[in-house]
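Undergrad: Okay, so here is start_3.cif, and as you'll see once you scroll down, it has mmCIF, C-alpha atoms.
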data_final
loop_
_atom_site.label_atom_id
_atom_site.label_comp_id
_atom_site.auth_asym_id
_atom_site.auth_seq_id
_atom_site.Cartn_x
_atom_site.Cartn_y
_atom_site.Cartn_z
CA MET A 1 -57.79 45.79 -8.82
CA LYS A 2 -55.67 47.94 -11.12
CA TYR A 3 -53.31 46.46 -13.71
CA GLU A 4 -50.33 48.12 -11.97
CA ALA A 5 -51.18 46.08 -8.85
CA LEU A 6 -50.92 42.87 -10.87
CA THR A 7 -47.51 43.76 -12.31
CA ASP A 8 -46.24 44.95 -8.94
CA LEU A 9 -47.37 41.68 -7.35
CA PHE A 10 -45.26 39.54 -9.68
CA LEU A 11 -42.29 41.92 -9.53
CA GLU A 12 -42.29 41.59 -5.73
CA MET A 13 -42.60 37.80 -5.92
CA GLU A 14 -39.74 37.70 -8.43
CA LYS A 15 -37.49 39.65 -6.03
CA MET A 16 -38.13 37.26 -3.14
CA HIS A 17 -38.18 33.91 -4.95
CA PRO A 18 -34.77 32.21 -5.40
CA ASN A 19 -35.65 30.92 -8.89
CA PHE A 20 -38.90 32.49 -10.07
CA TYR A 21 -38.39 31.52 -13.71
CA LYS A 22 -37.44 27.87 -13.23
CA SER A 23 -40.42 26.65 -15.32
CA ILE A 24 -40.95 29.49 -17.80
CA SER A 25 -38.63 32.11 -19.28
CA LYS A 26 -38.85 35.64 -17.98
CA LYS A 27 -39.66 36.85 -21.49
CA SER A 28 -42.55 34.41 -21.95
CA PHE A 29 -43.92 35.12 -18.47
CA TRP A 30 -44.07 38.88 -18.96
CA GLU A 31 -45.46 38.53 -22.46
CA MET A 32 -48.41 36.72 -20.86
CA VAL A 33 -48.78 39.46 -18.25
CA ASN A 34 -48.54 42.24 -20.85
CA GLN A 35 -51.24 40.64 -22.99
CA LEU A 36 -53.71 41.42 -20.22
CA LYS A 37 -53.02 45.16 -20.19
CA THR A 38 -55.44 46.23 -22.91
CA LYS A 39 -58.38 44.22 -21.62
CA TRP A 40 -57.74 44.42 -17.86
CA ASN A 41 -60.12 47.30 -17.09
CA LYS A 42 -62.89 45.55 -19.02
CA LEU A 43 -62.75 42.53 -16.70
CA ASN A 44 -64.82 42.29 -13.56
CA GLU A 45 -63.17 41.40 -10.23
CA ILE A 46 -63.84 37.67 -10.58
CA GLU A 47 -62.32 37.62 -14.08
CA GLN A 48 -59.29 39.60 -12.90
CA ASN A 49 -58.67 37.11 -10.10
CA TYR A 50 -58.96 34.24 -12.58
CA GLU A 51 -56.31 35.82 -14.82
CA MET A 52 -54.06 36.49 -11.80
CA LEU A 53 -54.22 32.83 -10.74
CA LYS A 54 -53.69 31.64 -14.32
CA ILE A 55 -50.52 33.73 -14.65
CA ASN A 56 -49.25 32.59 -11.25
CA ALA A 57 -49.74 28.94 -12.24
CA LEU A 58 -47.06 29.41 -14.91
CA ILE A 59 -44.31 29.42 -12.27
CA LYS A 60 -45.31 25.89 -11.14
CA ASP A 61 -44.55 26.37 -7.47
CA LEU A 62 -47.02 24.90 -4.99
CA HIS A 63 -45.76 27.18 -2.21
CA SER A 64 -46.07 30.49 -4.11
CA TRP A 65 -49.44 32.08 -4.72
CA PRO A 66 -51.35 35.37 -4.51
CA LEU A 67 -54.40 35.55 -2.29
CA ILE A 68 -57.50 36.37 -4.28
CA THR A 69 -59.07 39.75 -3.55
CA ILE A 70 -62.57 38.32 -3.02
CA LYS A 71 -62.84 36.93 0.49
CA GLU A 72 -65.39 34.17 1.13
CA ASP A 73 -65.43 32.00 4.24
CA VAL A 74 -67.93 29.51 2.85
CA SER A 75 -67.83 26.23 0.97
CA TYR A 76 -70.30 23.61 -0.15
CA PRO A 77 -71.26 20.99 2.47
CA PHE A 78 -69.24 18.10 1.08
CA LYS A 79 -65.64 16.97 0.66
CA VAL A 80 -64.19 15.37 -2.44
CA LYS A 81 -61.50 12.84 -3.38
CA ARG A 82 -60.31 11.60 -6.75
CA PHE A 83 -60.22 7.88 -7.54
CA ASN A 84 -59.43 6.42 -10.98
CA GLU A 85 -59.82 9.84 -12.63
CA GLN A 86 -63.30 10.36 -11.18
CA TYR A 87 -64.43 12.60 -8.33
CA TYR A 88 -66.44 11.28 -5.39
CA ILE A 89 -68.05 12.78 -2.32
CA THR A 90 -66.20 11.22 0.62
CA ASN A 91 -67.63 13.29 3.45
CA ILE A 92 -70.69 15.44 3.96
CA ASN A 93 -72.31 17.83 6.36
CA LYS A 94 -74.91 15.43 7.73
CA ASN A 95 -77.22 18.32 8.54
CA GLU A 96 -77.45 19.40 4.91
CA ILE A 97 -77.04 16.33 2.67
CA ASP A 98 -78.74 12.93 2.79
CA LYS A 99 -76.24 10.46 4.26
CA ASN A 100 -77.22 7.93 1.58
CA LEU A 101 -75.47 10.14 -0.98
CA LEU A 102 -72.08 9.60 0.65
CA TYR A 103 -69.57 8.06 -1.81
CA SER A 104 -71.59 9.28 -4.80
CA LYS A 105 -69.72 10.08 -8.01
CA ILE A 106 -69.98 13.69 -9.16
CA VAL A 107 -71.38 13.69 -12.71
CA SER A 108 -71.86 17.39 -13.32
CA ILE A 109 -72.36 20.78 -11.70
CA ASN A 110 -74.87 23.15 -13.29
CA GLY A 111 -74.93 20.87 -16.32
CA CYS A 112 -71.14 21.02 -16.84
CA LEU A 113 -69.55 17.56 -16.81
CA ILE A 114 -66.94 16.97 -14.12
CA ASP A 115 -64.23 16.24 -16.73
CA ASP A 116 -64.77 19.72 -18.17
CA ILE A 117 -64.70 21.27 -14.72
CA GLU A 118 -61.34 19.60 -14.08
CA LYS A 119 -59.98 20.96 -17.39
CA ARG A 120 -61.11 24.47 -16.47
CA LEU A 121 -59.59 24.34 -12.98
CA LEU A 122 -56.18 22.88 -13.84
CA PRO A 123 -54.85 26.07 -15.54
CA ILE A 124 -55.35 28.18 -12.38
CA ILE A 125 -53.81 25.67 -9.95
CA THR A 126 -50.16 26.17 -9.07
CA ALA A 127 -48.15 22.94 -8.65
CA GLU A 128 -44.89 21.46 -9.89
CA CYS A 129 -46.63 18.49 -11.51
CA THR A 130 -50.12 17.36 -12.52
CA GLU A 131 -50.37 14.89 -9.63
CA GLY A 132 -50.27 17.80 -7.20
CA LYS A 133 -52.94 19.71 -9.11
CA TYR A 134 -55.50 16.92 -8.74
CA SER A 135 -55.51 17.33 -4.97
CA ARG A 136 -56.32 21.03 -5.37
CA VAL A 137 -59.10 20.27 -7.87
CA CYS A 138 -60.81 18.28 -5.11
CA SER A 139 -60.88 21.30 -2.81
CA TYR A 140 -61.52 23.93 -5.52
CA ILE A 141 -64.75 22.16 -6.51
CA THR A 142 -66.18 22.96 -3.09
CA TYR A 143 -65.68 26.76 -3.24
CA PRO A 144 -68.37 28.91 -4.92
CA ILE A 145 -65.97 31.72 -5.86
CA LEU A 146 -63.72 29.32 -7.79
CA LEU A 147 -66.66 27.82 -9.66
CA LYS A 148 -67.63 31.38 -10.60
CA MET A 149 -64.09 32.04 -11.84
CA ILE A 150 -64.28 29.15 -14.30
CA LYS A 151 -67.81 30.18 -15.33
CA ILE A 152 -69.59 27.14 -13.93
CA SER A 153 -71.92 29.36 -11.93
CA THR A 154 -72.93 32.98 -11.50
CA GLN A 155 -74.51 32.58 -8.09
CA ASP A 156 -73.82 30.64 -4.91
CA GLU A 157 -76.50 27.99 -5.35
CA ILE A 158 -75.50 25.09 -7.59
CA LYS A 159 -77.28 22.09 -9.03
CA ILE A 160 -75.09 19.04 -8.64
CA LYS A 161 -75.77 15.72 -10.37
CA LEU A 162 -74.57 12.58 -8.57
CA GLN A 163 -74.44 8.89 -9.41
CA ASN A 164 -74.84 6.33 -6.63
CA ASN A 165 -75.53 2.60 -7.07
CA ASN A 166 -76.36 3.12 -10.77
CA LYS A 167 -78.98 5.71 -9.88
CA PHE A 168 -78.77 9.43 -10.62
CA PHE A 169 -79.66 12.20 -8.20
CA GLU A 170 -79.78 15.95 -8.63
CA LEU A 171 -79.89 18.37 -5.74
CA SER A 172 -79.53 22.08 -5.17
CA LEU A 173 -76.89 23.16 -2.69
CA ASN A 174 -75.91 26.43 -1.08
CA PRO A 175 -72.54 27.09 0.57
CA SER A 176 -72.23 27.36 4.32
CA ILE A 177 -69.66 28.15 6.98
CA TRP A 178 -68.18 24.92 8.35
CA LYS A 179 -67.66 25.94 11.94
CA ASN A 180 -68.44 22.64 13.62
CA GLU A 181 -66.49 19.56 12.56
CA ASN A 182 -69.09 17.50 14.45
CA SER A 183 -71.38 18.12 11.50
CA LEU A 184 -69.25 15.73 9.41
CA LEU A 185 -70.78 12.34 8.79
CA ASN A 186 -67.35 10.71 8.97
CA GLU A 187 -65.51 12.33 11.85
CA ASP A 188 -61.93 13.30 11.04
CA ASN A 189 -59.18 11.88 13.20
CA ASN A 190 -57.72 14.94 14.89
CA SER A 191 -54.49 13.16 15.82
CA LYS A 192 -51.67 14.42 13.61
CA TYR A 193 -49.48 11.43 14.37
CA GLU A 194 -49.84 8.02 15.99
CA PHE A 195 -47.62 5.00 16.50
CA ARG A 196 -48.67 1.39 17.02
CA THR A 197 -46.61 -1.71 17.77
CA LEU A 198 -48.07 -4.91 16.32
CA ASP A 199 -46.86 -8.51 16.30
CA ARG A 200 -45.15 -8.40 12.93
CA TYR A 201 -44.51 -4.71 12.29
CA ASN A 202 -44.54 -1.17 13.67
CA TYR A 203 -46.97 1.34 12.17
CA PHE A 204 -46.49 5.13 12.14
CA LYS A 205 -49.29 7.31 10.69
CA ILE A 206 -48.54 11.01 10.18
CA SER A 207 -51.54 12.90 8.83
CA SER A 208 -49.97 16.38 8.95
CA PHE A 209 -46.87 18.27 10.04
CA THR A 210 -48.79 21.54 10.30
CA GLY A 211 -48.57 23.08 13.75
CA LEU A 212 -46.11 20.49 15.10
CA CYS A 213 -43.27 22.01 17.12
CA PRO A 214 -39.67 21.00 16.52
CA CYS A 215 -38.59 18.17 18.80
CA LEU A 216 -36.26 20.35 20.90
CA LYS A 217 -39.06 22.82 21.65
CA SER A 218 -41.78 20.33 22.58
CA GLU A 219 -41.48 18.00 25.55
CA GLU A 220 -44.41 15.95 24.23
CA ILE A 221 -42.81 15.37 20.82
CA PHE A 222 -39.39 14.81 22.42
CA ASN A 223 -40.86 12.08 24.64
CA PHE A 224 -42.70 10.59 21.66
CA ASN A 225 -39.43 10.39 19.70
CA SER A 226 -37.76 8.60 22.61
CA LYS A 227 -40.63 6.17 23.10
CA VAL A 228 -40.87 5.24 19.40
CA SER A 229 -37.10 4.93 19.03
CA LYS A 230 -37.08 2.46 21.92
CA GLU A 231 -39.97 0.47 20.42
CA LEU A 232 -38.22 0.29 17.02
CA CYS A 233 -35.42 -1.68 18.62
CA ASN A 234 -37.69 -4.76 18.46
CA GLY A 235 -36.33 -5.15 14.93
CA ASN A 236 -39.73 -5.43 13.24
CA PRO A 237 -40.33 -3.82 9.84
CA PHE A 238 -41.59 -0.26 9.96
CA LEU A 239 -44.59 1.10 8.04
CA VAL A 240 -44.70 4.90 7.72
CA ASP A 241 -48.02 6.15 6.36
CA LEU A 242 -47.81 9.60 4.74
CA ARG A 243 -50.94 9.42 2.59
CA ASP A 244 -52.97 12.64 2.50
CA ASN A 245 -50.24 14.43 4.48
CA GLN A 246 -49.88 17.84 2.82
CA GLY A 247 -46.92 18.95 4.90
CA GLY A 248 -46.21 21.72 7.39
CA THR A 249 -43.20 21.91 9.74
CA MET A 250 -40.00 20.33 8.41
CA TYR A 251 -40.25 16.57 9.07
CA SER A 252 -36.62 16.30 10.24
CA TRP A 253 -37.21 18.93 12.95
CA VAL A 254 -40.16 17.01 14.37
CA PHE A 255 -38.97 13.39 14.35
CA PRO A 256 -35.14 13.51 14.28
CA GLN A 257 -34.52 10.74 16.81
CA ILE A 258 -36.86 8.35 15.01
CA LEU A 259 -35.07 8.99 11.71
CA GLU A 260 -31.70 8.52 13.40
CA THR A 261 -32.86 5.21 14.88
CA ILE A 262 -33.93 3.99 11.44
CA SER A 263 -30.49 4.79 10.04
CA LYS A 264 -28.44 3.43 12.94
CA ASN A 265 -30.34 0.13 13.13
CA ASN A 266 -30.74 -0.28 9.37
CA ILE A 267 -34.48 -0.74 9.83
CA PHE A 268 -36.38 -2.02 6.79
CA GLY A 269 -39.83 -0.80 5.92
CA PHE A 270 -42.45 0.60 3.60
CA CYS A 271 -43.58 4.19 3.13
CA LEU A 272 -47.18 4.69 2.00
CA ILE A 273 -47.84 7.74 -0.21
CA ASN A 274 -50.41 9.14 -2.64
CA ASN A 275 -51.12 12.23 -4.77
CA ASN A 276 -52.01 14.14 -1.59
CA THR A 277 -48.54 13.51 -0.13
CA MET A 278 -46.84 16.90 -0.42
CA SER A 279 -44.25 19.29 0.97
CA SER A 280 -42.57 18.01 4.18
CA SER A 281 -44.06 14.56 3.72
CA VAL A 282 -42.51 14.30 0.23
CA LEU A 283 -39.12 15.11 1.74
CA MET A 284 -39.65 12.47 4.42
CA ALA A 285 -40.70 9.87 1.84
CA THR A 286 -37.61 10.72 -0.21
CA ASP A 287 -35.42 10.35 2.87
CA LEU A 288 -37.00 6.99 3.77
CA LYS A 289 -36.54 5.73 0.21
CA ASP A 290 -32.87 6.65 0.45
CA LYS A 291 -32.71 4.61 3.67
CA GLY A 292 -34.02 1.57 1.78
CA PHE A 293 -37.76 1.89 2.35
CA ILE A 294 -40.11 0.85 -0.46
CA LEU A 295 -42.63 3.48 -1.57
CA VAL A 296 -46.10 2.01 -2.06
CA GLY A 297 -49.36 3.53 -3.28
CA GLU A 298 -49.58 6.35 -5.82
CA ASP A 299 -46.98 8.87 -6.97
CA ALA A 300 -46.66 11.85 -4.64
CA GLY A 301 -48.06 15.30 -5.38
CA GLN A 302 -44.63 16.92 -5.79
CA PRO A 303 -41.09 16.17 -6.99
CA SER A 304 -38.47 15.15 -4.43
CA SER A 305 -37.11 18.72 -4.42
CA PHE A 306 -39.08 21.94 -4.60
CA TYR A 307 -39.10 25.57 -3.50
CA ALA A 308 -40.78 26.42 -0.18
CA MET A 309 -40.14 27.90 3.30
CA GLY A 310 -42.01 31.11 2.53
CA LYS A 311 -44.33 33.14 4.74
CA PRO A 312 -47.38 35.24 3.79
CA GLN A 313 -46.28 38.65 2.57
CA ASN A 314 -48.10 41.94 2.99
CA LEU A 315 -47.31 44.93 0.82
CA PRO A 316 -48.79 47.78 2.93
CA TYR A 317 -49.64 50.10 0.04
CA TYR A 318 -51.05 47.48 -2.30
CA THR A 319 -52.76 45.50 0.45
CA THR A 320 -54.63 48.59 1.61
CA LYS A 321 -55.50 49.87 -1.84
CA PHE A 322 -55.94 46.68 -3.84
CA GLY A 323 -56.26 43.89 -1.28
CA ILE A 324 -53.23 41.97 -2.56
CA ASN A 325 -51.05 39.79 -0.44
CA PHE A 326 -49.22 36.61 -1.29
CA ASN A 327 -47.08 33.69 -0.22
CA VAL A 328 -43.74 33.13 -1.91
CA SER A 329 -41.04 30.46 -1.58
CA LYS A 330 -37.72 31.51 -0.07
CA GLN A 331 -35.46 28.50 -0.62
CA LEU A 332 -34.97 25.15 -2.31
CA CYS A 333 -35.94 22.19 -0.15
CA LYS A 334 -34.36 18.82 -0.87
CA VAL A 335 -32.91 15.73 0.76
CA GLU A 336 -29.35 14.66 -0.01
CA THR A 337 -29.77 11.14 -1.39
CA HIS A 338 -27.01 8.57 -1.72
CA ASN A 339 -28.74 5.34 -2.68
CA PHE A 340 -30.88 6.53 -5.59
CA THR A 341 -31.17 9.45 -7.98
CA ALA A 342 -34.16 11.66 -7.21
CA LEU A 343 -35.84 13.22 -10.24
CA ASN A 344 -36.42 16.94 -9.81
CA ASP A 345 -38.86 17.51 -12.67
CA SER A 346 -41.54 14.91 -11.97
CA ALA A 347 -43.53 13.60 -9.03
CA LEU A 348 -41.77 11.37 -6.50
CA LYS A 349 -42.48 7.94 -7.94
CA CYS A 350 -43.82 4.89 -6.14
CA ASP A 351 -41.85 1.65 -6.29
CA VAL A 352 -45.08 -0.35 -6.13
CA LYS A 353 -48.19 1.34 -7.54
CA ILE A 354 -51.50 0.36 -5.99
CA LYS A 355 -54.62 2.43 -6.57
CA THR A 356 -57.25 2.79 -3.89
CA THR A 357 -60.81 2.74 -5.27
CA ILE A 358 -64.03 4.25 -3.99
CA ASP A 359 -65.25 0.70 -3.26
CA ASP A 360 -62.24 0.22 -0.97
CA ILE A 361 -63.27 3.35 0.93
CA LYS A 362 -66.89 2.21 1.13
CA ASN A 363 -65.92 -1.22 2.42
CA ASN A 364 -63.23 0.07 4.78
CA LYS A 365 -60.49 -1.74 2.88
CA ASP A 366 -56.91 -0.57 2.45
CA PRO A 367 -55.17 -2.44 -0.40
CA VAL A 368 -51.96 -0.40 0.03
CA LEU A 369 -51.57 -1.29 3.70
CA GLU A 370 -52.68 -4.87 3.01
CA TYR A 371 -49.95 -5.25 0.38
CA CYS A 372 -47.26 -4.06 2.80
CA ILE A 373 -48.43 -6.40 5.56
CA GLU A 374 -48.59 -9.30 3.10
CA GLN A 375 -45.01 -8.67 1.97
CA ILE A 376 -43.81 -8.52 5.57
CA THR A 377 -45.63 -11.75 6.42
CA LYS A 378 -44.16 -13.56 3.41
CA LYS A 379 -40.66 -12.38 4.22
CA GLN A 380 -40.93 -13.37 7.88
CA ASP A 381 -42.47 -16.77 7.10
CA LEU A 382 -39.74 -17.44 4.56
CA SER A 383 -37.04 -16.62 7.09
CA LEU A 384 -38.62 -19.07 9.57
CA ILE A 385 -38.54 -21.86 6.96
CA LYS A 386 -34.86 -21.19 6.27
#
Now, as a test, write the supplied structure out as structure tokens.
TA:
Amino acid sequence: MKYEALTDLFLEMEKMHPNFYKSISKKSFWEMVNQLKTKWNKLNEIEQNYEMLKINALIKDLHSWPLITIKEDVSYPFKVKRFNEQYYITNINKNEIDKNLLYSKIVSINGCLIDDIEKRLLPIITAECTEGKYSRVCSYITYPILLKMIKISTQDEIKIKLQNNNKFFELSLNPSIWKNENSLLNEDNNSKYEFRTLDRYNYFKISSFTGLCPCLKSEEIFNFNSKVSKELCNGNPFLVDLRDNQGGTMYSWVFPQILETISKNNIFGFCLINNNTMSSSVLMATDLKDKGFILVGEDAGQPSSFYAMGKPQNLPYYTTKFGINFNVSKQLCKVETHNFTALNDSALKCDVKIKTTIDDIKNNKDPVLEYCIEQITKKQDLSLIK
């Protein structure tokens, strides 16, 4: 990659973005870019990509990023989540890792402590706030090219040290192509949304908005809206679970009738969120909070307003010659709130903070959901006494 490709990349992103310098002055941004000019040709391709991501992270926009020029369709055979500032393996390829190592804490990779790995990754991750960066750290750890960028490894094979039940284990791992989700020890629920009616409350889990058609274009989603809206008329409290939902299609396009029913019937409820709640799901959580819902769990991964609605961009000349393409935000996304003031410079805050631990995951417990159900039960029992 030539230096002129780097400068052209950010000039093009600046033209398209509605507020490219919202988090850093134009002068400071280009000073950082210009500092790379003298040393650029001395860097190898991995180092150049690292510097490109580091510069891009300065704009603090989760929806704007350049695609790295080194393409790799492989990752290590495990998935990671962060609990209480530690990183744990929460799913594995059962064909490649001993199932007894599930839920192990990651101690180090190639002798580098996980805390140091986190510190090295954070500067190249683009997000509006630190909460949103932690989610990306979990995925970045599993990609060999990103570990090479932060100088944790020079080859694909890594030695990872794990702690499980007060015992330490070290194993060598190579990346692989995850083609078959059936190789996961814990099978992922492929349903992007589900609704359940229970005795005391209604429960709505939305795991992703990605790939969901707007209500008016999908008969299935239209019928789902109608069914749920009818069920909500039972007057029971409503739990909307948006944890680990990283967004996709605009939430209000997908479930408009359900949202309208909540407003018209003044339905009370709780919205469950965490650091992996981002994009469309942050907007939905903000909207629900404005409707009187209580946010429970951990702070979201983004502020209540952010820039988004971009599509991948190809620059024909530079894509062909240098392999550069990128995604860039096109507009500000926000919900008009009336009942509270949404902060635009920090993560959407929980009203009731409850941390989920790795032991909760191991034991199939859900303290966030349990809290919400307990509050509903207390409120309903108290109304019966009165």
Undergrad: Just give me the gap between CA of Lys42 in chain A and CA of Val137 in chain A in Å, one decimal is fine.
TA: 27.9 Å
Undergrad: Can you tell me which residues surround range 214-227 of chain A at a distance of at most 12 Å, considering all atoms listed in the file, apart from same-chain residues fewer than 5 positions away, and format the answer as a PDB file with C-alpha atoms, keeping the file's coordinate frame?
TA:
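Dumped everything to part.pdb:
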ATOM      1  CA  LYS A 192     -51.670  14.420  13.610  1.00  0.00           C
ATOM      2  CA  TYR A 193     -49.480  11.430  14.370  1.00  0.00           C
ATOM      3  CA  GLU A 194     -49.840   8.020  15.990  1.00  0.00           C
ATOM      4  CA  PHE A 195     -47.620   5.000  16.500  1.00  0.00           C
ATOM      5  CA  ARG A 196     -48.670   1.390  17.020  1.00  0.00           C
ATOM      6  CA  THR A 197     -46.610  -1.710  17.770  1.00  0.00           C
ATOM      7  CA  PHE A 204     -46.490   5.130  12.140  1.00  0.00           C
ATOM      8  CA  PHE A 209     -46.870  18.270  10.040  1.00  0.00           C
ATOM      9  CA  LEU A 232     -38.220   0.290  17.020  1.00  0.00           C
ATOM     10  CA  CYS A 233     -35.420  -1.680  18.620  1.00  0.00           C
ATOM     11  CA  GLY A 248     -46.210  21.720   7.390  1.00  0.00           C
ATOM     12  CA  THR A 249     -43.200  21.910   9.740  1.00  0.00           C
ATOM     13  CA  MET A 250     -40.000  20.330   8.410  1.00  0.00           C
ATOM     14  CA  TYR A 251     -40.250  16.570   9.070  1.00  0.00           C
ATOM     15  CA  SER A 252     -36.620  16.300  10.240  1.00  0.00           C
ATOM     16  CA  TRP A 253     -37.210  18.930  12.950  1.00  0.00           C
ATOM     17  CA  VAL A 254     -40.160  17.010  14.370  1.00  0.00           C
ATOM     18  CA  PHE A 255     -38.970  13.390  14.350  1.00  0.00           C
ATOM     19  CA  PRO A 256     -35.140  13.510  14.280  1.00  0.00           C
ATOM     20  CA  GLN A 257     -34.520  10.740  16.810  1.00  0.00           C
ATOM     21  CA  ILE A 258     -36.860   8.350  15.010  1.00  0.00           C
ATOM     22  CA  LEU A 259     -35.070   8.990  11.710  1.00  0.00           C
ATOM     23  CA  GLU A 260     -31.700   8.520  13.400  1.00  0.00           C
ATOM     24  CA  THR A 261     -32.860   5.210  14.880  1.00  0.00           C
ATOM     25  CA  ILE A 262     -33.930   3.990  11.440  1.00  0.00           C
TER      26      ILE A 262
END
Undergrad: Taking only residues of range 237-273 of chain A that have an atom at most 10 Å from an atom of range 373-383 of chain A, what is each one's shortest atom pair and its distance in Å to one decimal, using all atoms listed in the file, in chain and number order, as JSON lines?
TA:
{"residue": "A:Pro237", "atom": "CA", "partner": "A:Ile376", "partner_atom": "CA", "distance": 7.2}
{"residue": "A:Phe238", "atom": "CA", "partner": "A:Ile376", "partner_atom": "CA", "distance": 9.6}
{"residue": "A:Leu239", "atom": "CA", "partner": "A:Ile373", "partner_atom": "CA", "distance": 8.8}
{"residue": "A:Phe268", "atom": "CA", "partner": "A:Ile376", "partner_atom": "CA", "distance": 9.9}
{"residue": "A:Gly269", "atom": "CA", "partner": "A:Ile376", "partner_atom": "CA", "distance": 8.7}
{"residue": "A:Phe270", "atom": "CA", "partner": "A:Ile373", "partner_atom": "CA", "distance": 9.4}
Undergrad: Using all atoms listed in the file, tabulate the residues of range 108-219 of chain A lying at most 12 Å from any atom of range 303-312 of chain A, each with its closest atom pair and that distance in Å to one decimal, by chain and increasing residue number, as CSV.
TA:
residue,atom,partner,partner_atom,distance
A:Ala127,CA,A:Pro303,CA,9.9
A:Glu128,CA,A:Pro303,CA,7.1
A:Cys129,CA,A:Pro303,CA,7.5
A:Thr130,CA,A:Pro303,CA,10.7
A:Glu131,CA,A:Pro303,CA,9.7
A:Gly132,CA,A:Pro303,CA,9.3
Undergrad: Closest to Asp156 in chain A among A:Asp366, A:Phe169, A:Ser75, A:Leu102, using only C-alpha atoms?
TA: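 Residue with the minimum atom-to-atom distance to Asp156 in chain A: A:Ser75.
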Undergrad: Please complete range 351-367 of chain A with N, CA and C atoms and give it back as a tab-separated table (two decimals), in the frame of the given file.
TA:
chain	number	residue	atom	x	y	z
A	351	ASP	N	-42.51	2.88	-5.84
A	351	ASP	CA	-41.85	1.65	-6.29
A	351	ASP	C	-42.90	0.60	-6.65
A	352	VAL	N	-43.97	0.58	-5.88
A	352	VAL	CA	-45.08	-0.35	-6.13
A	352	VAL	C	-46.36	0.48	-6.20
A	353	LYS	N	-46.99	0.52	-7.37
A	353	LYS	CA	-48.19	1.34	-7.54
A	353	LYS	C	-49.44	0.51	-7.26
A	354	ILE	N	-50.23	1.00	-6.33
A	354	ILE	CA	-51.50	0.36	-5.99
A	354	ILE	C	-52.54	1.47	-5.84
A	355	LYS	N	-53.59	1.41	-6.63
A	355	LYS	CA	-54.62	2.43	-6.57
A	355	LYS	C	-55.72	2.03	-5.59
A	356	THR	N	-56.11	2.98	-4.78
A	356	THR	CA	-57.25	2.79	-3.89
A	356	THR	C	-58.51	3.21	-4.65
A	357	THR	N	-59.57	2.43	-4.56
A	357	THR	CA	-60.81	2.74	-5.27
A	357	THR	C	-61.87	3.25	-4.29
A	358	ILE	N	-62.93	3.79	-4.84
A	358	ILE	CA	-64.03	4.25	-3.99
A	358	ILE	C	-64.69	3.07	-3.27
A	359	ASP	N	-64.69	1.89	-3.90
A	359	ASP	CA	-65.25	0.70	-3.26
A	359	ASP	C	-64.41	0.30	-2.04
A	360	ASP	N	-63.10	0.49	-2.14
A	360	ASP	CA	-62.24	0.22	-0.97
A	360	ASP	C	-62.63	1.12	0.20
A	361	ILE	N	-62.87	2.40	-0.11
A	361	ILE	CA	-63.27	3.35	0.93
A	361	ILE	C	-64.61	2.95	1.53
A	362	LYS	N	-65.55	2.61	0.67
A	362	LYS	CA	-66.89	2.21	1.13
A	362	LYS	C	-66.81	1.01	2.06
A	363	ASN	N	-65.99	0.05	1.69
A	363	ASN	CA	-65.92	-1.22	2.42
A	363	ASN	C	-64.83	-1.24	3.49
A	364	ASN	N	-64.26	-0.05	3.75
A	364	ASN	CA	-63.23	0.07	4.78
A	364	ASN	C	-62.04	-0.85	4.52
A	365	LYS	N	-61.65	-0.93	3.25
A	365	LYS	CA	-60.49	-1.74	2.88
A	365	LYS	C	-59.31	-0.83	2.54
A	366	ASP	N	-58.12	-1.35	2.72
A	366	ASP	CA	-56.91	-0.57	2.45
A	366	ASP	C	-55.91	-1.46	1.71
A	367	PRO	N	-56.04	-1.55	0.37
A	367	PRO	CA	-55.17	-2.44	-0.40
A	367	PRO	C	-53.68	-2.09	-0.30
